[in-house]
>>> print(open('start_29.cif').read())   # mmCIF, C-alpha atoms
data_work
loop_
_atom_site.group_PDB
_atom_site.id
_atom_site.type_symbol
_atom_site.label_atom_id
_atom_site.label_comp_id
_atom_site.auth_asym_id
_atom_site.auth_seq_id
_atom_site.Cartn_x
_atom_site.Cartn_y
_atom_site.Cartn_z
ATOM 1 C CA MET D 285 0.000 0.000 0.000
ATOM 2 C CA THR D 286 1.379 3.416 -0.798
ATOM 3 C CA PHE D 287 1.093 6.280 1.604
ATOM 4 C CA PRO D 288 0.894 9.704 -0.110
ATOM 5 C CA GLN D 289 3.083 12.301 1.465
ATOM 6 C CA HIS D 290 1.678 15.700 1.754
ATOM 7 C CA PRO D 291 -1.736 17.115 2.459
ATOM 8 C CA SER D 292 -4.304 18.601 0.374
ATOM 9 C CA VAL D 293 -3.290 22.186 0.060
ATOM 10 C CA ALA D 294 0.429 21.997 -0.296
ATOM 11 C CA PRO D 295 1.750 21.484 -3.780
ATOM 12 C CA ALA D 296 -1.386 22.351 -5.618
ATOM 13 C CA THR D 297 -2.417 25.812 -4.680
ATOM 14 C CA PRO D 298 0.628 27.741 -5.659
ATOM 15 C CA ALA D 299 1.437 25.176 -8.161
ATOM 16 C CA ALA D 300 -0.785 22.373 -6.063
ATOM 17 C CA PRO D 301 -4.197 14.272 2.813
ATOM 18 C CA ALA D 302 -4.077 15.628 3.144
ATOM 19 C CA THR D 303 -1.333 13.660 4.400
ATOM 20 C CA PRO D 304 -2.850 10.288 5.010
ATOM 21 C CA ALA D 305 -6.454 10.674 4.255
ATOM 22 C CA ALA D 306 -7.788 7.380 4.036
ATOM 23 C CA PRO D 307 -4.305 6.478 4.616
ATOM 24 C CA ALA D 308 -1.818 9.003 3.486
ATOM 25 C CA ALA D 309 -1.882 12.146 1.455
ATOM 26 C CA GLY D 310 -1.430 14.095 -1.681
ATOM 27 C CA ALA D 311 -1.727 17.530 -3.170
ATOM 28 C CA GLU D 312 -4.951 19.287 -3.929
ATOM 29 C CA ALA D 313 -7.062 21.780 -5.727
ATOM 30 C CA ALA D 314 -6.915 25.476 -5.085
ATOM 31 C CA PRO D 315 -9.817 27.013 -3.167
ATOM 32 C CA THR D 316 -12.469 28.927 -5.023
ATOM 33 C CA GLU D 317 -12.343 31.861 -2.623
ATOM 34 C CA PRO D 318 -9.080 33.794 -2.370
ATOM 35 C CA PRO D 319 -7.498 33.520 1.057
ATOM 36 C CA VAL D 320 -7.475 36.536 3.350
ATOM 37 C CA PRO D 321 -4.294 38.383 2.386
ATOM 38 C CA CYS D 322 -1.645 38.973 4.997
ATOM 39 C CA ALA D 323 -1.727 42.582 6.146
ATOM 40 C CA SER D 324 1.954 42.804 5.257
ATOM 41 C CA PRO D 325 2.626 40.094 2.634
ATOM 42 C CA GLY D 326 6.331 40.731 2.458
ATOM 43 C CA GLY D 327 6.578 41.293 6.186
ATOM 44 C CA PRO D 328 8.216 44.321 7.751
ATOM 45 C CA GLU D 329 11.916 44.428 7.131
ATOM 46 C CA GLY D 330 13.667 42.086 9.502
ATOM 47 C CA SER D 331 10.374 40.643 10.806
ATOM 48 C CA GLY D 332 11.202 37.158 9.595
ATOM 49 C CA ALA D 333 7.857 36.955 7.774
ATOM 50 C CA GLU D 334 9.378 37.379 4.315
ATOM 51 C CA PRO D 335 8.553 34.440 2.008
ATOM 52 C CA SER D 336 12.180 33.338 1.793
ATOM 53 C CA ALA D 337 12.616 33.378 5.567
ATOM 54 C CA LEU D 338 9.437 31.398 6.171
ATOM 55 C CA ALA D 339 10.385 28.897 3.482
ATOM 56 C CA ALA D 340 13.837 28.468 5.027
ATOM 57 C CA ARG D 341 12.265 27.769 8.440
ATOM 58 C CA LEU D 342 9.887 25.207 6.950
ATOM 59 C CA ARG D 343 12.609 23.585 4.874
ATOM 60 C CA ALA D 344 14.788 23.214 7.958
ATOM 61 C CA ALA D 345 11.877 21.411 9.634
ATOM 62 C CA GLY D 346 11.717 18.935 6.740
ATOM 63 C CA CYS D 347 8.781 20.337 4.761
ATOM 64 C CA VAL D 348 9.202 19.113 1.185
ATOM 65 C CA PHE D 349 7.079 21.876 -0.339
ATOM 66 C CA ALA D 350 8.497 24.686 1.813
ATOM 67 C CA GLU D 351 8.099 27.493 -0.733
ATOM 68 C CA ASP D 352 4.513 26.564 -1.552
ATOM 69 C CA GLU D 353 3.641 26.223 2.116
ATOM 70 C CA ALA D 354 5.209 29.579 2.946
ATOM 71 C CA ALA D 355 3.138 31.212 0.200
ATOM 72 C CA LEU D 356 -0.050 29.644 1.544
ATOM 73 C CA ILE D 357 0.722 30.730 5.081
ATOM 74 C CA LEU D 358 1.379 34.313 3.967
ATOM 75 C CA ALA D 359 -1.813 34.329 1.907
ATOM 76 C CA THR D 360 -3.885 33.012 4.815
ATOM 77 C CA ALA D 361 -2.386 34.956 7.733
ATOM 78 C CA ARG D 362 -3.841 38.346 8.586
ATOM 79 C CA THR D 363 -0.598 39.794 9.937
ATOM 80 C CA ALA D 364 3.129 39.137 9.699
ATOM 81 C CA ARG D 365 3.128 38.067 13.356
ATOM 82 C CA GLU D 366 0.413 35.510 12.652
ATOM 83 C CA ALA D 367 2.350 34.215 9.629
ATOM 84 C CA LEU D 368 5.403 33.635 11.802
ATOM 85 C CA ALA D 369 3.332 31.832 14.415
ATOM 86 C CA MET D 370 1.756 29.624 11.747
ATOM 87 C CA ALA D 371 5.154 28.758 10.287
ATOM 88 C CA GLU D 372 6.469 27.804 13.728
ATOM 89 C CA LEU D 373 3.392 25.671 14.368
ATOM 90 C CA ARG D 374 3.788 23.913 11.023
ATOM 91 C CA ALA D 375 7.481 23.334 11.749
ATOM 92 C CA SER D 376 6.497 21.594 14.994
ATOM 93 C CA GLY D 377 4.693 18.840 13.078
ATOM 94 C CA PRO D 378 0.943 19.347 12.464
ATOM 95 C CA PRO D 379 -0.380 18.982 8.897
ATOM 96 C CA LEU D 380 -0.369 22.225 6.928
ATOM 97 C CA GLU D 381 -4.179 22.060 6.671
ATOM 98 C CA HIS D 382 -4.509 22.063 10.461
ATOM 99 C CA VAL D 383 -2.277 25.130 10.582
ATOM 100 C CA LEU D 384 -4.128 26.998 7.828
ATOM 101 C CA GLY D 385 -7.551 25.885 9.015
ATOM 102 C CA TRP D 386 -8.625 24.737 5.562
ATOM 103 C CA ALA D 387 -7.921 22.321 2.724
ATOM 104 C CA GLY D 388 -8.691 22.559 -0.974
ATOM 105 C CA PHE D 389 -11.049 19.852 -2.267
ATOM 106 C CA ARG D 390 -12.712 19.825 -5.710
ATOM 107 C CA GLY D 391 -12.416 23.600 -5.947
ATOM 108 C CA LEU D 392 -13.889 24.183 -2.480
ATOM 109 C CA ARG D 393 -12.230 25.526 0.624
ATOM 110 C CA ILE D 394 -13.002 22.957 3.310
ATOM 111 C CA THR D 395 -12.643 23.953 6.955
ATOM 112 C CA VAL D 396 -10.243 21.561 8.712
ATOM 113 C CA THR D 397 -9.860 21.822 12.479
ATOM 114 C CA PRO D 398 -7.054 20.300 14.596
ATOM 115 C CA GLY D 399 -7.493 16.590 15.254
ATOM 116 C CA VAL D 400 -9.574 15.969 12.118
ATOM 117 C CA PHE D 401 -8.565 13.730 9.225
ATOM 118 C CA VAL D 402 -7.279 15.852 6.343
ATOM 119 C CA PRO D 403 -9.071 15.237 3.008
ATOM 120 C CA ARG D 404 -6.734 13.770 0.390
ATOM 121 C CA ARG D 405 -6.573 14.828 -3.210
ATOM 122 C CA ARG D 406 -7.060 11.226 -4.356
ATOM 123 C CA SER D 407 -10.460 11.207 -2.657
ATOM 124 C CA GLU D 408 -11.647 13.741 -5.233
ATOM 125 C CA PHE D 409 -11.956 10.725 -7.558
ATOM 126 C CA LEU D 410 -14.287 9.043 -5.051
ATOM 127 C CA ALA D 411 -16.377 12.217 -4.911
ATOM 128 C CA ALA D 412 -16.456 12.515 -8.713
ATOM 129 C CA GLU D 413 -17.664 8.926 -9.121
ATOM 130 C CA ALA D 414 -20.371 9.523 -6.513
ATOM 131 C CA VAL D 415 -21.521 12.725 -8.211
ATOM 132 C CA ALA D 416 -21.801 10.965 -11.577
ATOM 133 C CA LEU D 417 -23.900 8.130 -10.160
ATOM 134 C CA ALA D 418 -26.129 10.424 -8.087
ATOM 135 C CA ALA D 419 -26.777 12.641 -11.116
ATOM 136 C CA ARG D 420 -28.341 9.660 -12.900
ATOM 137 C CA ARG D 421 -31.294 9.869 -10.498
ATOM 138 C CA ALA D 422 -32.423 13.101 -12.185
ATOM 139 C CA PRO D 423 -34.890 14.645 -12.437
ATOM 140 C CA ARG D 424 -35.626 13.769 -8.813
ATOM 141 C CA PRO D 425 -33.169 14.874 -6.098
ATOM 142 C CA PRO D 426 -30.895 11.996 -5.085
ATOM 143 C CA VAL D 427 -30.598 10.712 -1.530
ATOM 144 C CA VAL D 428 -26.911 10.586 -0.615
ATOM 145 C CA VAL D 429 -25.011 9.458 2.492
ATOM 146 C CA ASP D 430 -21.395 10.370 3.333
ATOM 147 C CA LEU D 431 -20.340 7.734 5.888
ATOM 148 C CA CYS D 432 -17.045 8.096 7.816
ATOM 149 C CA CYS D 433 -17.279 11.709 6.691
ATOM 150 C CA GLY D 434 -14.333 13.208 8.594
ATOM 151 C CA SER D 435 -14.285 16.929 7.789
ATOM 152 C CA GLY D 436 -17.305 16.490 5.509
ATOM 153 C CA ALA D 437 -15.272 17.317 2.400
ATOM 154 C CA ILE D 438 -16.950 14.685 0.223
ATOM 155 C CA GLY D 439 -20.428 15.608 1.423
ATOM 156 C CA ALA D 440 -19.738 19.292 0.779
ATOM 157 C CA ALA D 441 -18.442 18.496 -2.703
ATOM 158 C CA LEU D 442 -21.540 16.419 -3.458
ATOM 159 C CA LEU D 443 -23.837 19.230 -2.355
ATOM 160 C CA ALA D 444 -21.866 21.753 -4.410
ATOM 161 C CA ALA D 445 -22.384 19.603 -7.507
ATOM 162 C CA LEU D 446 -25.911 18.448 -6.593
ATOM 163 C CA PRO D 447 -27.495 21.284 -4.568
ATOM 164 C CA ARG D 448 -30.927 19.606 -4.563
ATOM 165 C CA ALA D 449 -29.597 16.377 -3.051
ATOM 166 C CA GLU D 450 -30.856 15.115 0.287
ATOM 167 C CA LEU D 451 -27.518 14.516 2.001
ATOM 168 C CA VAL D 452 -26.674 13.059 5.388
ATOM 169 C CA ALA D 453 -23.107 12.729 6.673
ATOM 170 C CA ALA D 454 -21.975 10.733 9.700
ATOM 171 C CA ASP D 455 -18.862 9.930 11.684
ATOM 172 C CA ILE D 456 -18.054 8.189 14.960
ATOM 173 C CA ASP D 457 -15.580 10.901 16.018
ATOM 174 C CA PRO D 458 -17.259 13.882 17.756
ATOM 175 C CA VAL D 459 -14.402 16.196 16.728
ATOM 176 C CA ALA D 460 -14.966 15.260 13.085
ATOM 177 C CA VAL D 461 -18.718 15.705 13.447
ATOM 178 C CA ARG D 462 -18.286 19.248 14.754
ATOM 179 C CA CYS D 463 -15.964 20.068 11.859
ATOM 180 C CA ALA D 464 -18.208 18.428 9.253
ATOM 181 C CA ARG D 465 -21.151 20.524 10.409
ATOM 182 C CA LEU D 466 -19.170 23.655 9.502
ATOM 183 C CA ASN D 467 -18.793 22.371 5.940
ATOM 184 C CA VAL D 468 -22.006 20.454 5.310
ATOM 185 C CA VAL D 469 -24.822 22.197 7.190
ATOM 186 C CA PRO D 470 -24.438 25.603 5.463
ATOM 187 C CA ARG D 471 -24.820 23.783 2.140
ATOM 188 C CA GLY D 472 -28.063 22.133 3.225
ATOM 189 C CA GLY D 473 -26.921 18.747 4.523
ATOM 190 C CA GLY D 474 -27.152 17.117 7.933
ATOM 191 C CA VAL D 475 -24.410 15.557 10.071
ATOM 192 C CA HIS D 476 -24.885 12.830 12.693
ATOM 193 C CA GLU D 477 -22.598 11.185 15.235
ATOM 194 C CA GLY D 478 -22.417 7.421 15.659
ATOM 195 C CA ASP D 479 -20.873 4.139 14.577
ATOM 196 C CA LEU D 480 -21.496 3.647 10.840
ATOM 197 C CA PHE D 481 -25.176 2.905 10.131
ATOM 198 C CA ASP D 482 -26.161 3.401 13.783
ATOM 199 C CA ALA D 483 -25.760 7.137 13.166
ATOM 200 C CA LEU D 484 -28.242 7.305 10.286
ATOM 201 C CA PRO D 485 -31.915 8.284 10.619
ATOM 202 C CA ALA D 486 -34.101 5.184 10.247
ATOM 203 C CA ALA D 487 -36.131 7.010 7.573
ATOM 204 C CA LEU D 488 -33.211 6.571 5.159
ATOM 205 C CA ARG D 489 -33.420 2.781 5.208
ATOM 206 C CA GLY D 490 -34.028 1.465 1.692
ATOM 207 C CA ARG D 491 -33.917 4.992 0.179
ATOM 208 C CA VAL D 492 -30.229 5.782 -0.327
ATOM 209 C CA ASP D 493 -29.259 6.275 -3.966
ATOM 210 C CA VAL D 494 -25.540 6.765 -3.332
ATOM 211 C CA LEU D 495 -23.705 5.705 -0.192
ATOM 212 C CA VAL D 496 -20.106 6.971 -0.023
ATOM 213 C CA ALA D 497 -17.907 5.504 2.708
ATOM 214 C CA ASN D 498 -14.333 6.778 2.901
ATOM 215 C CA VAL D 499 -13.433 4.141 5.465
ATOM 216 C CA PRO D 500 -9.979 3.777 7.041
ATOM 217 C CA TYR D 501 -7.975 1.180 5.113
ATOM 218 C CA VAL D 502 -4.435 1.239 6.473
ATOM 219 C CA PRO D 503 -3.590 -2.201 7.948
ATOM 220 C CA SER D 504 -2.994 -1.916 11.701
ATOM 221 C CA GLY D 505 0.597 -3.083 11.323
ATOM 222 C CA GLU D 506 1.352 -0.304 8.831
ATOM 223 C CA VAL D 507 -0.018 2.652 10.775
ATOM 224 C CA ALA D 508 3.439 3.160 12.276
ATOM 225 C CA LEU D 509 4.791 3.659 8.745
ATOM 226 C CA LEU D 510 2.576 6.657 8.057
ATOM 227 C CA PRO D 511 4.086 10.150 7.971
ATOM 228 C CA THR D 512 4.309 11.575 11.486
ATOM 229 C CA GLU D 513 1.917 14.432 10.682
ATOM 230 C CA ALA D 514 -0.791 11.858 10.026
ATOM 231 C CA ARG D 515 0.187 9.381 12.726
ATOM 232 C CA ASP D 516 0.497 12.018 15.439
ATOM 233 C CA HIS D 517 -2.165 14.542 14.466
ATOM 234 C CA GLU D 518 -5.028 12.669 12.764
ATOM 235 C CA PRO D 519 -7.379 10.374 14.700
ATOM 236 C CA LEU D 520 -6.403 6.699 14.679
ATOM 237 C CA VAL D 521 -10.013 5.750 13.976
ATOM 238 C CA SER D 522 -9.740 7.464 10.574
ATOM 239 C CA LEU D 523 -6.557 5.607 9.624
ATOM 240 C CA ASP D 524 -6.551 2.098 11.108
ATOM 241 C CA GLY D 525 -8.600 -0.369 9.065
ATOM 242 C CA GLY D 526 -7.769 -3.464 11.137
ATOM 243 C CA GLY D 527 -5.516 -6.430 10.442
ATOM 244 C CA ASP D 528 -5.650 -6.351 6.644
ATOM 245 C CA GLY D 529 -7.037 -2.815 6.403
ATOM 246 C CA LEU D 530 -10.502 -3.976 5.351
ATOM 247 C CA GLY D 531 -12.216 -4.477 8.697
ATOM 248 C CA VAL D 532 -14.393 -1.366 8.544
ATOM 249 C CA LEU D 533 -15.036 -1.868 4.834
ATOM 250 C CA ARG D 534 -16.451 -5.337 5.537
ATOM 251 C CA ARG D 535 -18.760 -3.924 8.191
ATOM 252 C CA VAL D 536 -20.055 -1.358 5.716
ATOM 253 C CA THR D 537 -20.605 -3.855 2.916
ATOM 254 C CA ALA D 538 -22.363 -6.252 5.291
ATOM 255 C CA GLY D 539 -24.938 -3.618 6.228
ATOM 256 C CA ALA D 540 -25.280 -1.525 3.075
ATOM 257 C CA LEU D 541 -27.902 -3.571 1.243
ATOM 258 C CA GLY D 542 -30.672 -2.684 3.682
ATOM 259 C CA TRP D 543 -30.009 1.036 3.307
ATOM 260 C CA LEU D 544 -29.649 1.250 -0.456
ATOM 261 C CA ALA D 545 -32.585 1.910 -2.732
ATOM 262 C CA PRO D 546 -33.086 -0.589 -5.579
ATOM 263 C CA GLY D 547 -30.319 0.208 -8.059
ATOM 264 C CA GLY D 548 -28.518 2.266 -5.398
ATOM 265 C CA HIS D 549 -24.730 2.354 -5.184
ATOM 266 C CA LEU D 550 -22.075 1.930 -2.498
ATOM 267 C CA LEU D 551 -18.665 3.514 -3.196
ATOM 268 C CA VAL D 552 -15.589 2.918 -1.061
ATOM 269 C CA GLU D 553 -12.011 4.087 -1.579
ATOM 270 C CA THR D 554 -9.267 1.523 -1.083
ATOM 271 C CA SER D 555 -5.756 0.766 -2.296
ATOM 272 C CA GLY D 556 -5.008 -1.025 -5.542
ATOM 273 C CA ARG D 557 -3.563 -4.033 -3.748
ATOM 274 C CA GLN D 558 -6.718 -4.393 -1.626
ATOM 275 C CA ALA D 559 -9.199 -3.940 -4.459
ATOM 276 C CA GLU D 560 -9.764 -7.623 -5.238
ATOM 277 C CA ARG D 561 -10.483 -8.537 -1.609
ATOM 278 C CA ALA D 562 -12.636 -5.448 -1.190
ATOM 279 C CA ALA D 563 -14.674 -6.367 -4.280
ATOM 280 C CA ARG D 564 -15.177 -9.854 -2.840
ATOM 281 C CA ALA D 565 -16.600 -8.308 0.335
ATOM 282 C CA PHE D 566 -19.013 -6.258 -1.794
ATOM 283 C CA ARG D 567 -20.193 -9.392 -3.573
ATOM 284 C CA ASP D 568 -20.572 -11.206 -0.252
ATOM 285 C CA GLY D 569 -22.830 -8.338 0.796
ATOM 286 C CA GLY D 570 -25.153 -8.984 -2.151
ATOM 287 C CA LEU D 571 -23.914 -6.193 -4.439
ATOM 288 C CA THR D 572 -22.849 -6.399 -8.062
ATOM 289 C CA THR D 573 -19.351 -4.966 -8.193
ATOM 290 C CA GLU D 574 -16.858 -3.092 -10.346
ATOM 291 C CA VAL D 575 -13.542 -1.388 -9.633
ATOM 292 C CA ALA D 576 -12.825 2.123 -10.923
ATOM 293 C CA THR D 577 -9.306 3.548 -11.029
ATOM 294 C CA CYS D 578 -7.657 6.901 -11.626
ATOM 295 C CA GLU D 579 -4.053 7.338 -12.747
ATOM 296 C CA GLU D 580 -3.338 10.848 -11.463
ATOM 297 C CA PRO D 581 -3.430 11.032 -8.605
ATOM 298 C CA PRO D 582 -3.509 7.247 -8.174
ATOM 299 C CA ALA D 583 -6.865 6.246 -6.702
ATOM 300 C CA THR D 584 -8.998 3.108 -6.517
ATOM 301 C CA VAL D 585 -12.735 3.025 -5.815
ATOM 302 C CA VAL D 586 -14.848 -0.100 -5.477
ATOM 303 C CA VAL D 587 -18.450 0.437 -6.616
ATOM 304 C CA GLY D 588 -21.251 -1.893 -5.575
ATOM 305 C CA THR D 589 -24.825 -1.770 -6.843
ATOM 306 C CA ARG D 590 -27.951 -3.167 -5.247
ATOM 307 C CA PRO D 591 -29.912 -5.182 -7.816
ATOM 308 C CA ASP D 592 -33.202 -3.612 -8.884
ATOM 309 C CA THR D 593 -34.964 -6.721 -7.645
ATOM 310 C CA GLY D 594 -34.292 -8.574 -4.444
ATOM 311 C CA GLY D 595 -32.386 -7.429 -1.398
#
>>> encode(input="start_29.cif", output="structure tokens")
Amino acid sequence: MTFPQHPSVAPATPAAPATPAAPAAGAEAAPTEPPVPCASPGGPEGSGAEPSALAARLRAAGCVFAEDEAALILATARTAREALAMAELRASGPPLEHVLGWAGFRGLRITVTPGVFVPRRRSEFLAAEAVALAARRAPRPPVVVDLCCGSGAIGAALLAALPRAELVAADIDPVAVRCARLNVVPRGGGVHEGDLFDALPAALRGRVDVLVANVPYVPSGEVALLPTEARDHEPLVSLDGGGDGLGVLRRVTAGALGWLAPGGHLLVETSGRQAERAARAFRDGGLTTEVATCEEPPATVVVGTRPDTGG
């Protein structure tokens, strides 16, 4: 399994996870809204907030994309003093997105608070596949669920593309739920706290057109191999998928059939090496299955469909 290195906003915005998002990280899309400019972008002479000085501090701390990160910090900070504080915080280890307070995802600026899983760029492929399938329900508004929602990035992206959708997001982590509400509720969705399907309103049973579950899929024995910014600053529950990485995925596939509408779809992100076993779990759960892949960034999504009859 490969573990992407750097979070969602780093390489992509200036040029452009979220360290490990389902597991690791990658670059991402620039936000649609321009960041609040620093009151003194170049920083007062000798303040240490000049782009080159910030980049040097970040590079010394081991940040691979130091120049890009310095530019993002300066663009987000309101003052030179705040820019310096943000650079020092980033140098101490937290993901850049936790320092900035946001991550870019499918052209949106997603609020990301400390302790929340950072959305990865590769998960944009999962969101795109879900949008395409949900759009097929037109002209009626689709019913969509974002399970294991983390920051709510996927749910927010779905609502941005499908503003008439009935969307419910859920996560077991109360910190994630609070963050997701900042991203999902203003766009018209709801967010619930609980363990997988236990969090969902009973009224959704048998009605869900598209169920997206960005479950953790890092094998327990490989969590220690993740970048420190993920291992030390993102919740273990969003990273650790059990012995072979597919424990949570199997729980989702075992319960999905009863929640999906006839012809409804379950989409789960996984790694390429896990795809065959993941697809088998989908079939064991009564779903017809296919595997979709993306080359750049590398991403694998298993798609299961409830038959129109039966279930």
>>> residues_around(input="start_29.cif", residues="segment 436-446 of chain D", least_positions_apart="6", cutoff="9 Å", atoms="only C-alpha atoms", output="PDB file with C-alpha atoms, in the coordinates of the input")
ATOM      1  CA  ALA D 387      -7.921  22.321   2.724  1.00  0.00           C
ATOM      2  CA  PHE D 389     -11.049  19.852  -2.267  1.00  0.00           C
ATOM      3  CA  ARG D 390     -12.712  19.825  -5.710  1.00  0.00           C
ATOM      4  CA  GLY D 391     -12.416  23.600  -5.947  1.00  0.00           C
ATOM      5  CA  LEU D 392     -13.889  24.183  -2.480  1.00  0.00           C
ATOM      6  CA  ARG D 393     -12.230  25.526   0.624  1.00  0.00           C
ATOM      7  CA  ILE D 394     -13.002  22.957   3.310  1.00  0.00           C
ATOM      8  CA  THR D 395     -12.643  23.953   6.955  1.00  0.00           C
ATOM      9  CA  PRO D 403      -9.071  15.237   3.008  1.00  0.00           C
ATOM     10  CA  SER D 407     -10.460  11.207  -2.657  1.00  0.00           C
ATOM     11  CA  GLU D 408     -11.647  13.741  -5.233  1.00  0.00           C
ATOM     12  CA  LEU D 410     -14.287   9.043  -5.051  1.00  0.00           C
ATOM     13  CA  ALA D 411     -16.377  12.217  -4.911  1.00  0.00           C
ATOM     14  CA  ALA D 412     -16.456  12.515  -8.713  1.00  0.00           C
ATOM     15  CA  ALA D 414     -20.371   9.523  -6.513  1.00  0.00           C
ATOM     16  CA  VAL D 415     -21.521  12.725  -8.211  1.00  0.00           C
ATOM     17  CA  ALA D 418     -26.129  10.424  -8.087  1.00  0.00           C
ATOM     18  CA  ALA D 419     -26.777  12.641 -11.116  1.00  0.00           C
ATOM     19  CA  PRO D 425     -33.169  14.874  -6.098  1.00  0.00           C
ATOM     20  CA  PRO D 426     -30.895  11.996  -5.085  1.00  0.00           C
ATOM     21  CA  VAL D 428     -26.911  10.586  -0.615  1.00  0.00           C
ATOM     22  CA  VAL D 429     -25.011   9.458   2.492  1.00  0.00           C
ATOM     23  CA  ASP D 430     -21.395  10.370   3.333  1.00  0.00           C
ATOM     24  CA  VAL D 452     -26.674  13.059   5.388  1.00  0.00           C
ATOM     25  CA  ALA D 453     -23.107  12.729   6.673  1.00  0.00           C
ATOM     26  CA  ALA D 454     -21.975  10.733   9.700  1.00  0.00           C
ATOM     27  CA  ALA D 460     -14.966  15.260  13.085  1.00  0.00           C
ATOM     28  CA  VAL D 461     -18.718  15.705  13.447  1.00  0.00           C
ATOM     29  CA  CYS D 463     -15.964  20.068  11.859  1.00  0.00           C
ATOM     30  CA  ALA D 464     -18.208  18.428   9.253  1.00  0.00           C
ATOM     31  CA  ARG D 465     -21.151  20.524  10.409  1.00  0.00           C
ATOM     32  CA  LEU D 466     -19.170  23.655   9.502  1.00  0.00           C
ATOM     33  CA  ASN D 467     -18.793  22.371   5.940  1.00  0.00           C
ATOM     34  CA  VAL D 468     -22.006  20.454   5.310  1.00  0.00           C
ATOM     35  CA  VAL D 469     -24.822  22.197   7.190  1.00  0.00           C
ATOM     36  CA  ARG D 471     -24.820  23.783   2.140  1.00  0.00           C
ATOM     37  CA  GLY D 472     -28.063  22.133   3.225  1.00  0.00           C
ATOM     38  CA  GLY D 473     -26.921  18.747   4.523  1.00  0.00           C
ATOM     39  CA  VAL D 475     -24.410  15.557  10.071  1.00  0.00           C
ATOM     40  CA  VAL D 496     -20.106   6.971  -0.023  1.00  0.00           C
ATOM     41  CA  ASN D 498     -14.333   6.778   2.901  1.00  0.00           C
TER      42      ASN D 498
END
>>> closest_residue(input="start_29.cif", among="D:Leu488, D:Ile456, D:Ala540, D:Ala545", to="Arg421 of chain D", atoms="all atoms listed in the file")
D:Ala545
>>> resolve_selection(input="start_29.cif", expression="the PyMOL selection byres ((chain D and resi 572) around 8)", output="compact mmCIF listing (two decimals) with C-alpha atoms, in the coordinates of the input")
# COMPACT_ATOMS: atom_id res chain seq x y z
CA PHE D 566 -19.01 -6.26 -1.79
CA ARG D 567 -20.19 -9.39 -3.57
CA GLY D 570 -25.15 -8.98 -2.15
CA LEU D 571 -23.91 -6.19 -4.44
CA THR D 573 -19.35 -4.97 -8.19
CA GLU D 574 -16.86 -3.09 -10.35
CA GLY D 588 -21.25 -1.89 -5.58
CA THR D 589 -24.82 -1.77 -6.84
CA ARG D 590 -27.95 -3.17 -5.25
CA PRO D 591 -29.91 -5.18 -7.82
>>> resolve_selection(input="start_29.cif", expression="the PyMOL selection byres ((chain D and resi 500) around 12)", output="MDAnalysis selection string")
chainID D and resid 304:308 401 431:434 455 497:499 501:504 507 518:536 552:555
>>> residues_near_point(input="start_29.cif", point="(6.6, 29.2, 10.7)", cutoff="12 Å", atoms="all atoms listed in the file", output="ChimeraX atom specification")
/D:332-345,347,350-351,353-358,361,364-378,380,383-384
>>> resolve_selection(input="start_29.cif", expression="the PyMOL selection byres ((chain D and resi 399) around 6)", output="number ranges by chain")
D: 398, 400, 517-518
>>> closest_residue(input="start_29.cif", among="D:Pro447, D:Gly346, D:Pro379, D:Pro458", to="Val396 of chain D", atoms="only C-alpha atoms")
D:Pro379
>>> closest_residue(input="start_29.cif", among="D:Glu477, D:Arg404, D:Leu550, D:Trp386", to="Pro582 of chain D", atoms="all atoms listed in the file")
D:Arg404
>>> axis_aligned_box(input="start_29.cif", around="segment 398-413 of chain D", padding_each_side="6 Å", output="AutoDock Vina command-line options")
--center_x -12.1 --center_y 14.6 --center_z 3.1 --size_x 23.1 --size_y 23.4 --size_z 36.4
>>> atom_distance(input="start_29.cif", atom1="atom CA of Thr537 of chain D", atom2="atom CA of Gly569 of chain D")
5.4 Å
>>> atom_distance(input="start_29.cif", atom1="atom CA of Val427 of chain D", atom2="atom CA of Leu451 of chain D")
6.0 Å
